[in-house]
Amino acid sequence: MAELYIEGDPIRDEKAPEGPIEERWDKRRFSAKLVNPANRRKLSVIIVGTGLAGASAAATLGEAGYNVKSFCYQDSPRRAHSIAAQGGINAAKNYRNDGDSIYRLFYDTVKGGDFRSRESNVHRLSQVSVEIIDQCVAQGVPFAREYGGLLDNRSFGGVQVSRTFYARGQTGQQLLVGAYQALERQVAAGTVEMNTRHEMLELVVVDGRARGIIARDMVTGEIETHFADAVVLASGGYGNVFYLSTNAMGCNVTASWRAHRKGALFANPCYTQIHPTCIPVSGDYQSKLTLMSESLRNDGRIWVPKEGGDQRDPREIPEEERDYYLERRYPAFGNLVPRDIASRAAKNVCDEGRGVGPGGLGVYLDFADAIKRMGRPAVEAKYGNLFDMYQRITGENPYEVPMRIYPAVHYTMGGLWVDYDLQSTIPGLFVTGEANFSDHGANRLGASALMQGLADGYFVLPNTINDYLADGPFETLDENTPEAREAADAVRDRIDTLLSINGDRTVDSFHKELGQIMWDYCGMERTEEGLRKALDSVRELRAEFWRSVRVLGSNDELNQALEKAGRVADFLELAELMCIDALHRRESCGGHFRAESQTEDGEALRDDENFSYVAAWQFSGAGQAPVLRKEDLNYEYVEMKQRSYK
Amino acid sequence: MALKSAMAVTGAILVLFLIAHMYGNLLVFGGREAFDDYSHHLRELGEPMLPHGGFLWIMRVVLLASVLVHAYAAVALWRRAARARPAGQRYAVRRSAQSPARRYATQTMRWGGIIIVLFVVYHLLHLTTNHIAPGGASNSPYERVVNGFSIWWVVLSYTVAVLVIGYHLWHGIWSALATLGANRASRERALRTISTAIATIITVGFLIPPFSVLFGLVS
Amino acid sequence: MNITLRVWRQRSSGDEGRMVTYQVEDVSPDMSFLEMLDVLNEKLTLAGEEPIAFDHDCREGICGACGVVIDGVAHGPETTTTCQLHMRSFDDGDTITVEPWRAKAFPVVKDLVVDRSSFDRIIQAGGYISAPTGSAPDAHATPVPKADADRAFDAATCIGCGACVAACPNASGMLFTAAKVTHLGSVPQGQPERDARVVQMLNQHDEEEFGGCTNIGECAAVCPKGIPLDTISQLNRDLLGSLATGSAE
């Protein structure tokens, strides 16, 4: 192990206040320096990404009077992938009078994260959750309502209280459109300058501070240098390292990875969430996986044939030859076990050769019993839109034939390390939303990603970034500043290299191969042997990439292959760090399952003695062993327990 | 938007005129005297407040203005559409996603309008000024009608024109109501029914007299 | 399946474009339309020809990035987004014509990629409720009748893909504009700015050189999210109301 990484000095979150947990956020807000409204217009902030975390931050900082420069790779900020979130957003409103509270949301989230998140951050998230709903309603977000005109709630992801607010199956879309409209309002007001079809390719660090970015105009190919007093990355997660995931095709790690290479620590990269109910792969042309709401597990029954290789029509397989494996193994929770358990169980039965559908990578999700019990109209009313979606994609009618599902990568809990202020280890570089690591620990609960994105963007960052900006404005820079010129030259060199290799393999072929390696060895179940193999394969693949990738066209035009090539190059470096992180963490926790660390029943077994820390990695050069900096996690309020779903 | 509202309002005026016109036409069944009296009375309407033929001239002015505004708005919108998808940016293949009937009604408004204008000119020269007099000229409006519609191709030309008008109205009435803000999902069906009904009544109402003449029911 | 594709190729906005014909073999009926284009692009790349540029991102029908005109119909023969269209909707041996959205307000960037920033500018003109962060009252302070909330939601599901403009014989952006006017005008929070919003958004719509609406209905017929045509009527009603009271001035 020692050859893989070097253990460095531990790291601490210097900004986290002490004292009773419910007072910490107030305390921090009070101790943070303020910026006089008249001075704000002299200060500028770059925000990369326009999803929930980015758009909300840009709008809010613009309203406050700062000069904001916002960037997104899409043609409009409204297309960021937050838009695809279906389920809902949690808030501790206790509108149901069912015993919910800020403290309970805090407790559920810490426990759900399998005790690998920070108590202070999670408590703040729960406090702020309440304000998010108010804010969104004021913007006109059309949440589901009851006949009395009040907001509807549902229980989500196995929690016992109804605290999830939703807008049919399109909550993410509605919240993002709300944030997008607030953002466009500031664009009209002149406080936000929107740069669409711009991709950040490098961070500019001057005198130890993040002072700007190098971005490529994706239409003209121009390499632009943008300066500001602070830089915020709200660039999302890195699930696309697996090639097939529920992420959008363009989601990438480049912004985060470039910052990591410039000194920002990357925390817990191996924590990925795999969602159990996705539509399986149908062929090698497959470009992405589509998630179906896990609410389907409320009424559908999951099974595979008892015998491997059973090619019969599922409807002809008699009851006694079916294995309802979740109901069998987890009689108490049955089909409703948490995401990671359901996912792994599906993988296990498929590994045994009992999977169904093309390639044997699928299990049945059967509504025959539900239709018999509730009647088809009731099933249709509850799940009609999901069934339609399934039928559109697969061409099969789920009312007649059982659906086939398989797990898919969905969310990444790891990300750039940030302190309580959401500031990374590079002063002036802030990271929000899925791009940071902070609030979900080793596993994220349903309906919590939207909550975190908006909490960071609307309420947390705008109250912490002023502490940093109060020392500004910093020295004026221009393109001739050596650090900026160097960064821009590095970007140009890399593009030139990618365009000049002219090998014999497409970018996608590398991406697919990388995804397969990561899925096989750094996916739902990880072993020391597999991870070591993955490390070798990834390194080999990276070398081959730089030898034989083929990118046609030129830089001075819209060049989608060039865009992809840069992203895949960064994924190839990230993949290595993910494997090292997964190797070093010899325990199972949340979404990270090490086969070597399980209970007798095959459940994840944490090792709190040795691994109750955040693994923050420091970059020490391409191909060099990274440095591990540990941040100890202490639990003063929630007692550490082993999960059980028997 | 102003153009669209102008189209809706002037269109509504023209529809009201058509209904009155249709009523007059149907008087043909009352015989020569009733029909000729009616057309004569149109000139005396409003007397002595208005001079002889005054009402008719007011109506002509209003109608002409309506037609001109309607046509102006149509041309303006047409040109705007052409600018919004200029030459060099047109589709190589173009298909409608609507049902054939709806497509036909909605996408023949402009050519339909031109056909209707040409027809109106022909119609005025025929039955109003009598410059065109198939079947023989006459001072009696009744005779002009009977003389004209005894000839099959005259009936045919009128039939085609009235059907074009019907189609124009079928979509036009609904469209005017929508433009004036009357449409809602809950009313959609009712509005469609209303426009279909008015369009059908006007079409049938205008076709009855010529066919009655052709088949000798009126002579 | 074997498919013949006729695709619009255009190097950049300033260049002339033309239709180019490609053969795509061994197409699986389970492929999405965009995956079929992926397969073609892989082949083109290996053959040394630049791949076809097309916009796409989420590939699950919600981001609104994708959209091409397929055989003359925006998003193709099924009423859904291009990414959710599958090759089983076509037959072996078909010739399929693929073109970009065509409108002056949506200039072609490259091949099948167009610039839809005019939509963003329409939103900037008034497609929002002014509610600065932190200023909100409790979410339950104002109950919203369920019917209004549902109406707002239905209009708010617009994904801004631009199919309405592409399909409209007038190249009008009225359905997009009307969806936003209806969304925000259906909730109580949107009332204070209601009169001004419709006028400002419509002015911007016209300034962007979209065509005028003549109630043809092609827009709603291709809309992948089923935005109802009556939103346009609601926009008209709001506009007439706003002009009548003069409150927009």
# chains A, B, ... in the order shown; residues from 1 in each chain; ligands from 1
$ residues_around --residues "Gly205 (chain B)" --least-positions-apart "3" --cutoff "8 Å" --atoms "only C-alpha atoms" --output "PyMOL selection string"
chain B and resi 22+26+201-202+208-209
$ write_last_selection --atoms "N, CA, C and O atoms" --output "short mmCIF file (atom, residue, chain, number, x, y, z; two decimals), in the first residue's frame"
data_model
loop_
_atom_site.label_atom_id
_atom_site.label_comp_id
_atom_site.auth_asym_id
_atom_site.auth_seq_id
_atom_site.Cartn_x
_atom_site.Cartn_y
_atom_site.Cartn_z
N MET B 22 -76.01 36.32 -45.86
CA MET B 22 -76.63 35.00 -46.04
C MET B 22 -78.14 35.09 -45.85
O MET B 22 -78.91 34.50 -46.61
N LEU B 26 -81.08 34.12 -48.58
CA LEU B 26 -82.10 33.10 -48.36
C LEU B 26 -83.49 33.64 -48.70
O LEU B 26 -84.44 32.88 -48.90
N ILE B 201 -72.76 26.63 -40.95
CA ILE B 201 -74.01 27.33 -41.26
C ILE B 201 -73.79 28.29 -42.42
O ILE B 201 -74.58 28.34 -43.38
N ILE B 202 -72.71 29.05 -42.35
CA ILE B 202 -72.46 30.03 -43.41
C ILE B 202 -72.24 29.33 -44.75
O ILE B 202 -72.80 29.71 -45.78
N ILE B 208 -77.12 27.02 -50.53
CA ILE B 208 -78.51 26.63 -50.82
C ILE B 208 -79.09 27.40 -52.02
O ILE B 208 -79.56 26.79 -52.98
N PRO B 209 -79.01 28.76 -52.01
CA PRO B 209 -79.66 29.47 -53.14
C PRO B 209 -79.12 29.06 -54.52
O PRO B 209 -79.93 28.71 -55.39
#
$ select_by_dssp --residues "region 65-121 of chain B" --states "alpha helix (DSSP H)" --output "ChimeraX atom specification"
/B:65-84,100-107,109-121
$ write_last_selection --atoms "C-alpha atoms" --output "PDB file, in the first residue's frame"
ATOM      1  CA  ALA B  65     -61.744  49.125 -44.400  1.00  0.00           C
ATOM      2  CA  SER B  66     -62.082  45.796 -42.629  1.00  0.00           C
ATOM      3  CA  VAL B  67     -60.919  43.923 -45.666  1.00  0.00           C
ATOM      4  CA  LEU B  68     -57.984  46.259 -46.133  1.00  0.00           C
ATOM      5  CA  VAL B  69     -56.919  46.083 -42.481  1.00  0.00           C
ATOM      6  CA  HIS B  70     -57.410  42.327 -42.457  1.00  0.00           C
ATOM      7  CA  ALA B  71     -55.349  41.981 -45.596  1.00  0.00           C
ATOM      8  CA  TYR B  72     -52.722  44.431 -44.430  1.00  0.00           C
ATOM      9  CA  ALA B  73     -52.274  42.544 -41.169  1.00  0.00           C
ATOM     10  CA  ALA B  74     -52.115  39.271 -43.033  1.00  0.00           C
ATOM     11  CA  VAL B  75     -49.471  40.540 -45.410  1.00  0.00           C
ATOM     12  CA  ALA B  76     -47.487  42.080 -42.570  1.00  0.00           C
ATOM     13  CA  LEU B  77     -47.533  38.810 -40.623  1.00  0.00           C
ATOM     14  CA  TRP B  78     -46.673  36.901 -43.750  1.00  0.00           C
ATOM     15  CA  ARG B  79     -43.685  39.110 -44.419  1.00  0.00           C
ATOM     16  CA  ARG B  80     -42.619  38.865 -40.829  1.00  0.00           C
ATOM     17  CA  ALA B  81     -42.767  35.091 -41.060  1.00  0.00           C
ATOM     18  CA  ALA B  82     -40.671  35.212 -44.201  1.00  0.00           C
ATOM     19  CA  ARG B  83     -38.098  37.321 -42.399  1.00  0.00           C
ATOM     20  CA  ALA B  84     -38.154  34.970 -39.419  1.00  0.00           C
ATOM     21  CA  PRO B 100     -54.746  16.565 -42.236  1.00  0.00           C
ATOM     22  CA  ALA B 101     -58.006  18.517 -41.810  1.00  0.00           C
ATOM     23  CA  ARG B 102     -56.563  20.854 -39.212  1.00  0.00           C
ATOM     24  CA  ARG B 103     -53.408  21.267 -41.227  1.00  0.00           C
ATOM     25  CA  TYR B 104     -55.391  22.126 -44.329  1.00  0.00           C
ATOM     26  CA  ALA B 105     -57.493  24.666 -42.513  1.00  0.00           C
ATOM     27  CA  THR B 106     -54.629  26.297 -40.644  1.00  0.00           C
ATOM     28  CA  GLN B 107     -52.113  26.408 -43.416  1.00  0.00           C
ATOM     29  CA  MET B 109     -55.363  30.823 -44.517  1.00  0.00           C
ATOM     30  CA  ARG B 110     -53.152  33.006 -46.668  1.00  0.00           C
ATOM     31  CA  TRP B 111     -53.800  31.438 -50.071  1.00  0.00           C
ATOM     32  CA  GLY B 112     -57.410  31.015 -49.046  1.00  0.00           C
ATOM     33  CA  GLY B 113     -57.577  34.711 -48.302  1.00  0.00           C
ATOM     34  CA  ILE B 114     -56.211  35.584 -51.739  1.00  0.00           C
ATOM     35  CA  ILE B 115     -58.714  33.292 -53.438  1.00  0.00           C
ATOM     36  CA  ILE B 116     -61.499  34.889 -51.446  1.00  0.00           C
ATOM     37  CA  VAL B 117     -60.446  38.419 -52.462  1.00  0.00           C
ATOM     38  CA  LEU B 118     -60.362  37.421 -56.129  1.00  0.00           C
ATOM     39  CA  PHE B 119     -63.737  35.821 -55.751  1.00  0.00           C
ATOM     40  CA  VAL B 120     -65.230  38.880 -54.118  1.00  0.00           C
ATOM     41  CA  VAL B 121     -64.132  41.003 -57.067  1.00  0.00           C
TER      42      VAL B 121
END
$ residues_around --residues "region 150-154 of chain B" --least-positions-apart "4" --cutoff "10 Å" --atoms "only C-alpha atoms" --output "PDB file with N, CA, C and O atoms, in the first residue's frame"
ATOM      1  N   PRO B 134     -73.252  36.399 -67.039  1.00  0.00           N
ATOM      2  CA  PRO B 134     -73.556  35.129 -67.695  1.00  0.00           C
ATOM      3  C   PRO B 134     -75.053  34.859 -67.593  1.00  0.00           C
ATOM      4  O   PRO B 134     -75.654  35.085 -66.536  1.00  0.00           O
ATOM      5  N   GLY B 135     -75.636  34.436 -68.639  1.00  0.00           N
ATOM      6  CA  GLY B 135     -77.067  34.128 -68.619  1.00  0.00           C
ATOM      7  C   GLY B 135     -77.924  35.359 -68.848  1.00  0.00           C
ATOM      8  O   GLY B 135     -79.150  35.276 -68.862  1.00  0.00           O
ATOM      9  N   VAL B 145     -79.609  36.770 -60.224  1.00  0.00           N
ATOM     10  CA  VAL B 145     -79.289  35.548 -59.489  1.00  0.00           C
ATOM     11  C   VAL B 145     -79.764  34.336 -60.270  1.00  0.00           C
ATOM     12  O   VAL B 145     -79.002  33.388 -60.503  1.00  0.00           O
ATOM     13  N   VAL B 146     -80.998  34.395 -60.692  1.00  0.00           N
ATOM     14  CA  VAL B 146     -81.566  33.226 -61.376  1.00  0.00           C
ATOM     15  C   VAL B 146     -80.857  32.975 -62.707  1.00  0.00           C
ATOM     16  O   VAL B 146     -80.470  31.848 -63.008  1.00  0.00           O
ATOM     17  N   TYR B 158     -68.933  29.370 -57.673  1.00  0.00           N
ATOM     18  CA  TYR B 158     -69.398  29.848 -56.371  1.00  0.00           C
ATOM     19  C   TYR B 158     -69.198  28.786 -55.294  1.00  0.00           C
ATOM     20  O   TYR B 158     -68.829  29.093 -54.167  1.00  0.00           O
ATOM     21  N   THR B 159     -69.451  27.540 -55.668  1.00  0.00           N
ATOM     22  CA  THR B 159     -69.306  26.461 -54.678  1.00  0.00           C
ATOM     23  C   THR B 159     -67.877  26.389 -54.175  1.00  0.00           C
ATOM     24  O   THR B 159     -67.624  26.328 -52.970  1.00  0.00           O
ATOM     25  N   PRO B 210     -77.816  29.071 -54.764  1.00  0.00           N
ATOM     26  CA  PRO B 210     -77.378  28.715 -56.127  1.00  0.00           C
ATOM     27  C   PRO B 210     -77.855  27.333 -56.554  1.00  0.00           C
ATOM     28  O   PRO B 210     -78.301  27.156 -57.697  1.00  0.00           O
ATOM     29  N   PHE B 211     -77.760  26.358 -55.640  1.00  0.00           N
ATOM     30  CA  PHE B 211     -78.180  25.007 -56.018  1.00  0.00           C
ATOM     31  C   PHE B 211     -79.686  24.941 -56.259  1.00  0.00           C
ATOM     32  O   PHE B 211     -80.158  24.214 -57.121  1.00  0.00           O
ATOM     33  N   SER B 212     -80.415  25.706 -55.443  1.00  0.00           N
ATOM     34  CA  SER B 212     -81.871  25.716 -55.657  1.00  0.00           C
ATOM     35  C   SER B 212     -82.198  26.244 -57.046  1.00  0.00           C
ATOM     36  O   SER B 212     -83.080  25.728 -57.744  1.00  0.00           O
ATOM     37  N   VAL B 213     -81.439  27.271 -57.458  1.00  0.00           N
ATOM     38  CA  VAL B 213     -81.671  27.812 -58.806  1.00  0.00           C
ATOM     39  C   VAL B 213     -81.302  26.766 -59.844  1.00  0.00           C
ATOM     40  O   VAL B 213     -82.047  26.484 -60.778  1.00  0.00           O
ATOM     41  N   LEU B 214     -80.126  26.157 -59.655  1.00  0.00           N
ATOM     42  CA  LEU B 214     -79.628  25.194 -60.642  1.00  0.00           C
ATOM     43  C   LEU B 214     -80.609  24.048 -60.827  1.00  0.00           C
ATOM     44  O   LEU B 214     -80.856  23.601 -61.939  1.00  0.00           O
ATOM     45  N   PHE B 215     -81.162  23.579 -59.701  1.00  0.00           N
ATOM     46  CA  PHE B 215     -82.073  22.441 -59.796  1.00  0.00           C
ATOM     47  C   PHE B 215     -83.528  22.873 -60.010  1.00  0.00           C
ATOM     48  O   PHE B 215     -84.441  22.075 -59.867  1.00  0.00           O
ATOM     49  N   GLY B 216     -83.742  24.155 -60.297  1.00  0.00           N
ATOM     50  CA  GLY B 216     -85.064  24.609 -60.681  1.00  0.00           C
ATOM     51  C   GLY B 216     -86.043  24.799 -59.545  1.00  0.00           C
ATOM     52  O   GLY B 216     -87.228  24.965 -59.765  1.00  0.00           O
ATOM     53  N   VAL B 218     -86.010  27.321 -57.656  1.00  0.00           N
ATOM     54  CA  VAL B 218     -86.311  28.746 -57.745  1.00  0.00           C
ATOM     55  C   VAL B 218     -86.154  29.130 -59.204  1.00  0.00           C
ATOM     56  O   VAL B 218     -85.186  28.742 -59.840  1.00  0.00           O
ATOM     57  N   SER B 219     -87.121  29.828 -59.767  1.00  0.00           N
ATOM     58  CA  SER B 219     -86.951  30.181 -61.181  1.00  0.00           C
ATOM     59  C   SER B 219     -87.612  31.526 -61.485  1.00  0.00           C
ATOM     60  O   SER B 219     -88.394  32.039 -60.691  1.00  0.00           O
TER      61      SER B 219
END
$ interface_residues --of "chain B" --to "chain C" --cutoff "6 Å" --atoms "only C-alpha atoms" --output "number ranges by chain"
B: 80-81, 84-85, 89, 93-95, 97, 106, 175, 178-179, 181, 183-185
$ interface_residues --of "chain C" --to "chain A" --cutoff "6 Å" --atoms "only C-alpha atoms" --output "list in words"
Glu50, Asp57, Cys58, Cys63, Gln124, Tyr128, Ile129, Ala131, Thr133, Ala136, Asp138, Ala139, Pro143, Val144, Pro145, Lys146, Ala149 and Phe153 of chain C
$ write_last_selection --atoms "N, CA, C and O atoms" --output "PDB file, in the first residue's frame"
ATOM      1  N   GLU C  50     -14.791  14.503 -40.301  1.00  0.00           N
ATOM      2  CA  GLU C  50     -15.235  15.110 -39.044  1.00  0.00           C
ATOM      3  C   GLU C  50     -16.631  14.646 -38.648  1.00  0.00           C
ATOM      4  O   GLU C  50     -17.535  14.608 -39.490  1.00  0.00           O
ATOM      5  N   ASP C  57     -27.549  16.501 -24.198  1.00  0.00           N
ATOM      6  CA  ASP C  57     -26.867  16.418 -22.909  1.00  0.00           C
ATOM      7  C   ASP C  57     -27.466  15.327 -22.027  1.00  0.00           C
ATOM      8  O   ASP C  57     -26.882  14.271 -21.895  1.00  0.00           O
ATOM      9  N   CYS C  58     -28.667  15.553 -21.486  1.00  0.00           N
ATOM     10  CA  CYS C  58     -29.139  14.599 -20.472  1.00  0.00           C
ATOM     11  C   CYS C  58     -29.547  13.270 -21.092  1.00  0.00           C
ATOM     12  O   CYS C  58     -29.479  12.239 -20.474  1.00  0.00           O
ATOM     13  N   CYS C  63     -33.518  18.051 -20.407  1.00  0.00           N
ATOM     14  CA  CYS C  63     -32.656  19.243 -20.407  1.00  0.00           C
ATOM     15  C   CYS C  63     -33.000  20.172 -21.560  1.00  0.00           C
ATOM     16  O   CYS C  63     -32.729  21.367 -21.495  1.00  0.00           O
ATOM     17  N   GLN C 124     -34.913  36.914 -19.684  1.00  0.00           N
ATOM     18  CA  GLN C 124     -34.314  38.089 -19.027  1.00  0.00           C
ATOM     19  C   GLN C 124     -35.259  39.290 -19.046  1.00  0.00           C
ATOM     20  O   GLN C 124     -35.247  40.120 -18.143  1.00  0.00           O
ATOM     21  N   TYR C 128     -39.561  35.999 -14.861  1.00  0.00           N
ATOM     22  CA  TYR C 128     -39.159  35.661 -13.495  1.00  0.00           C
ATOM     23  C   TYR C 128     -40.084  36.358 -12.516  1.00  0.00           C
ATOM     24  O   TYR C 128     -40.874  37.227 -12.900  1.00  0.00           O
ATOM     25  N   ILE C 129     -39.972  35.956 -11.259  1.00  0.00           N
ATOM     26  CA  ILE C 129     -40.635  36.680 -10.176  1.00  0.00           C
ATOM     27  C   ILE C 129     -39.523  37.297  -9.350  1.00  0.00           C
ATOM     28  O   ILE C 129     -38.578  36.600  -8.973  1.00  0.00           O
ATOM     29  N   ALA C 131     -37.803  37.935  -6.422  1.00  0.00           N
ATOM     30  CA  ALA C 131     -37.838  37.507  -5.023  1.00  0.00           C
ATOM     31  C   ALA C 131     -36.403  37.285  -4.571  1.00  0.00           C
ATOM     32  O   ALA C 131     -35.914  36.167  -4.560  1.00  0.00           O
ATOM     33  N   THR C 133     -33.069  36.482  -2.715  1.00  0.00           N
ATOM     34  CA  THR C 133     -32.849  35.456  -1.699  1.00  0.00           C
ATOM     35  C   THR C 133     -32.948  36.046  -0.297  1.00  0.00           C
ATOM     36  O   THR C 133     -32.348  37.083  -0.022  1.00  0.00           O
ATOM     37  N   ALA C 136     -38.123  35.852   1.376  1.00  0.00           N
ATOM     38  CA  ALA C 136     -39.371  35.103   1.234  1.00  0.00           C
ATOM     39  C   ALA C 136     -40.111  34.940   2.562  1.00  0.00           C
ATOM     40  O   ALA C 136     -39.498  34.689   3.591  1.00  0.00           O
ATOM     41  N   ASP C 138     -42.934  32.680   4.876  1.00  0.00           N
ATOM     42  CA  ASP C 138     -43.081  31.239   5.007  1.00  0.00           C
ATOM     43  C   ASP C 138     -43.839  30.678   3.804  1.00  0.00           C
ATOM     44  O   ASP C 138     -44.763  31.314   3.277  1.00  0.00           O
ATOM     45  N   ALA C 139     -43.433  29.481   3.396  1.00  0.00           N
ATOM     46  CA  ALA C 139     -43.987  28.887   2.183  1.00  0.00           C
ATOM     47  C   ALA C 139     -45.502  28.730   2.268  1.00  0.00           C
ATOM     48  O   ALA C 139     -46.189  28.720   1.256  1.00  0.00           O
ATOM     49  N   PRO C 143     -51.666  30.338   0.487  1.00  0.00           N
ATOM     50  CA  PRO C 143     -52.122  29.086  -0.141  1.00  0.00           C
ATOM     51  C   PRO C 143     -52.371  29.319  -1.631  1.00  0.00           C
ATOM     52  O   PRO C 143     -52.765  30.417  -2.030  1.00  0.00           O
ATOM     53  N   VAL C 144     -52.107  28.300  -2.411  1.00  0.00           N
ATOM     54  CA  VAL C 144     -52.347  28.392  -3.854  1.00  0.00           C
ATOM     55  C   VAL C 144     -53.342  27.302  -4.219  1.00  0.00           C
ATOM     56  O   VAL C 144     -53.072  26.129  -3.979  1.00  0.00           O
ATOM     57  N   PRO C 145     -54.488  27.673  -4.771  1.00  0.00           N
ATOM     58  CA  PRO C 145     -55.465  26.639  -5.146  1.00  0.00           C
ATOM     59  C   PRO C 145     -54.792  25.582  -6.022  1.00  0.00           C
ATOM     60  O   PRO C 145     -53.973  25.902  -6.881  1.00  0.00           O
ATOM     61  N   LYS C 146     -55.136  24.337  -5.767  1.00  0.00           N
ATOM     62  CA  LYS C 146     -54.475  23.241  -6.459  1.00  0.00           C
ATOM     63  C   LYS C 146     -54.581  23.388  -7.978  1.00  0.00           C
ATOM     64  O   LYS C 146     -53.623  23.125  -8.709  1.00  0.00           O
ATOM     65  N   ALA C 149     -52.017  25.774  -9.118  1.00  0.00           N
ATOM     66  CA  ALA C 149     -50.673  25.207  -9.015  1.00  0.00           C
ATOM     67  C   ALA C 149     -50.443  24.199 -10.140  1.00  0.00           C
ATOM     68  O   ALA C 149     -49.368  24.149 -10.741  1.00  0.00           O
ATOM     69  N   PHE C 153     -47.776  24.411 -13.093  1.00  0.00           N
ATOM     70  CA  PHE C 153     -46.817  23.324 -13.323  1.00  0.00           C
ATOM     71  C   PHE C 153     -46.843  22.875 -14.782  1.00  0.00           C
ATOM     72  O   PHE C 153     -45.792  22.715 -15.406  1.00  0.00           O
TER      73      PHE C 153
END
$ closest_residue --among "B:Thr200, B:Ala190, B:Leu217, B:Leu64" --to "Ile19 (chain B)" --atoms "only C-alpha atoms"
B:Thr200
$ closest_residue --among "C:Leu5, C:Ala47, C:Val181, C:Gln23" --to "Gln200 (chain C)" --atoms "only C-alpha atoms"
C:Val181
$ residues_around --residues "Arg532 (chain A)" --least-positions-apart "2" --cutoff "9 Å" --atoms "only C-alpha atoms" --output "PDB file with N, CA and C atoms, in the first residue's frame"
ATOM      1  N   TYR A 521     -14.344  -2.992 -11.334  1.00  0.00           N
ATOM      2  CA  TYR A 521     -13.459  -3.125 -10.170  1.00  0.00           C
ATOM      3  C   TYR A 521     -13.617  -2.038  -9.119  1.00  0.00           C
ATOM      4  N   THR A 527     -12.592  -5.053  -4.308  1.00  0.00           N
ATOM      5  CA  THR A 527     -11.659  -5.924  -3.586  1.00  0.00           C
ATOM      6  C   THR A 527     -10.257  -5.402  -3.815  1.00  0.00           C
ATOM      7  N   GLU A 528      -9.368  -5.765  -2.933  1.00  0.00           N
ATOM      8  CA  GLU A 528      -7.975  -5.317  -3.066  1.00  0.00           C
ATOM      9  C   GLU A 528      -7.418  -5.771  -4.414  1.00  0.00           C
ATOM     10  N   GLU A 529      -7.656  -7.038  -4.733  1.00  0.00           N
ATOM     11  CA  GLU A 529      -7.120  -7.598  -5.962  1.00  0.00           C
ATOM     12  C   GLU A 529      -7.666  -6.861  -7.187  1.00  0.00           C
ATOM     13  N   GLY A 530      -9.000  -6.657  -7.181  1.00  0.00           N
ATOM     14  CA  GLY A 530      -9.628  -6.002  -8.315  1.00  0.00           C
ATOM     15  C   GLY A 530      -9.141  -4.570  -8.477  1.00  0.00           C
ATOM     16  N   ALA A 534      -7.353  -2.784 -11.515  1.00  0.00           N
ATOM     17  CA  ALA A 534      -7.909  -1.583 -12.147  1.00  0.00           C
ATOM     18  C   ALA A 534      -6.841  -0.503 -12.272  1.00  0.00           C
ATOM     19  N   LEU A 535      -6.043  -0.351 -11.223  1.00  0.00           N
ATOM     20  CA  LEU A 535      -4.995   0.669 -11.251  1.00  0.00           C
ATOM     21  C   LEU A 535      -4.055   0.445 -12.433  1.00  0.00           C
ATOM     22  N   ASP A 536      -3.633  -0.802 -12.590  1.00  0.00           N
ATOM     23  CA  ASP A 536      -2.742  -1.113 -13.715  1.00  0.00           C
ATOM     24  C   ASP A 536      -3.432  -0.808 -15.042  1.00  0.00           C
ATOM     25  N   SER A 537      -4.674  -1.264 -15.141  1.00  0.00           N
ATOM     26  CA  SER A 537      -5.393  -1.073 -16.415  1.00  0.00           C
ATOM     27  C   SER A 537      -5.592   0.404 -16.733  1.00  0.00           C
ATOM     28  N   CYS A 579      -9.343   4.735  -7.419  1.00  0.00           N
ATOM     29  CA  CYS A 579      -8.931   3.375  -7.079  1.00  0.00           C
ATOM     30  C   CYS A 579      -8.013   3.380  -5.858  1.00  0.00           C
ATOM     31  N   ILE A 580      -7.115   4.359  -5.794  1.00  0.00           N
ATOM     32  CA  ILE A 580      -6.207   4.423  -4.642  1.00  0.00           C
ATOM     33  C   ILE A 580      -7.013   4.677  -3.368  1.00  0.00           C
ATOM     34  N   LEU A 583      -8.799   1.599  -2.446  1.00  0.00           N
ATOM     35  CA  LEU A 583      -7.862   0.589  -1.943  1.00  0.00           C
ATOM     36  C   LEU A 583      -7.479   0.873  -0.502  1.00  0.00           C
TER      37      LEU A 583
END
$ residues_around --residues "Ala625 (chain A)" --least-positions-apart "6" --cutoff "9 Å" --atoms "only C-alpha atoms" --output "list in words"
Glu3, Leu4, Tyr5, Ile6 and Phe619 of chain A
$ select_by_dssp --residues "region 65-111 of chain C" --states "strand (DSSP E)" --output "PyMOL selection string"
chain C and resi 69-70+73-74+95-99+108-110
$ residues_around --residues "Phe474 (chain A)" --least-positions-apart "4" --cutoff "9 Å" --atoms "only C-alpha atoms" --output "list of chain:residue names"
A:Leu43, A:Arg211, A:Ala228, A:Asp229, A:Leu469
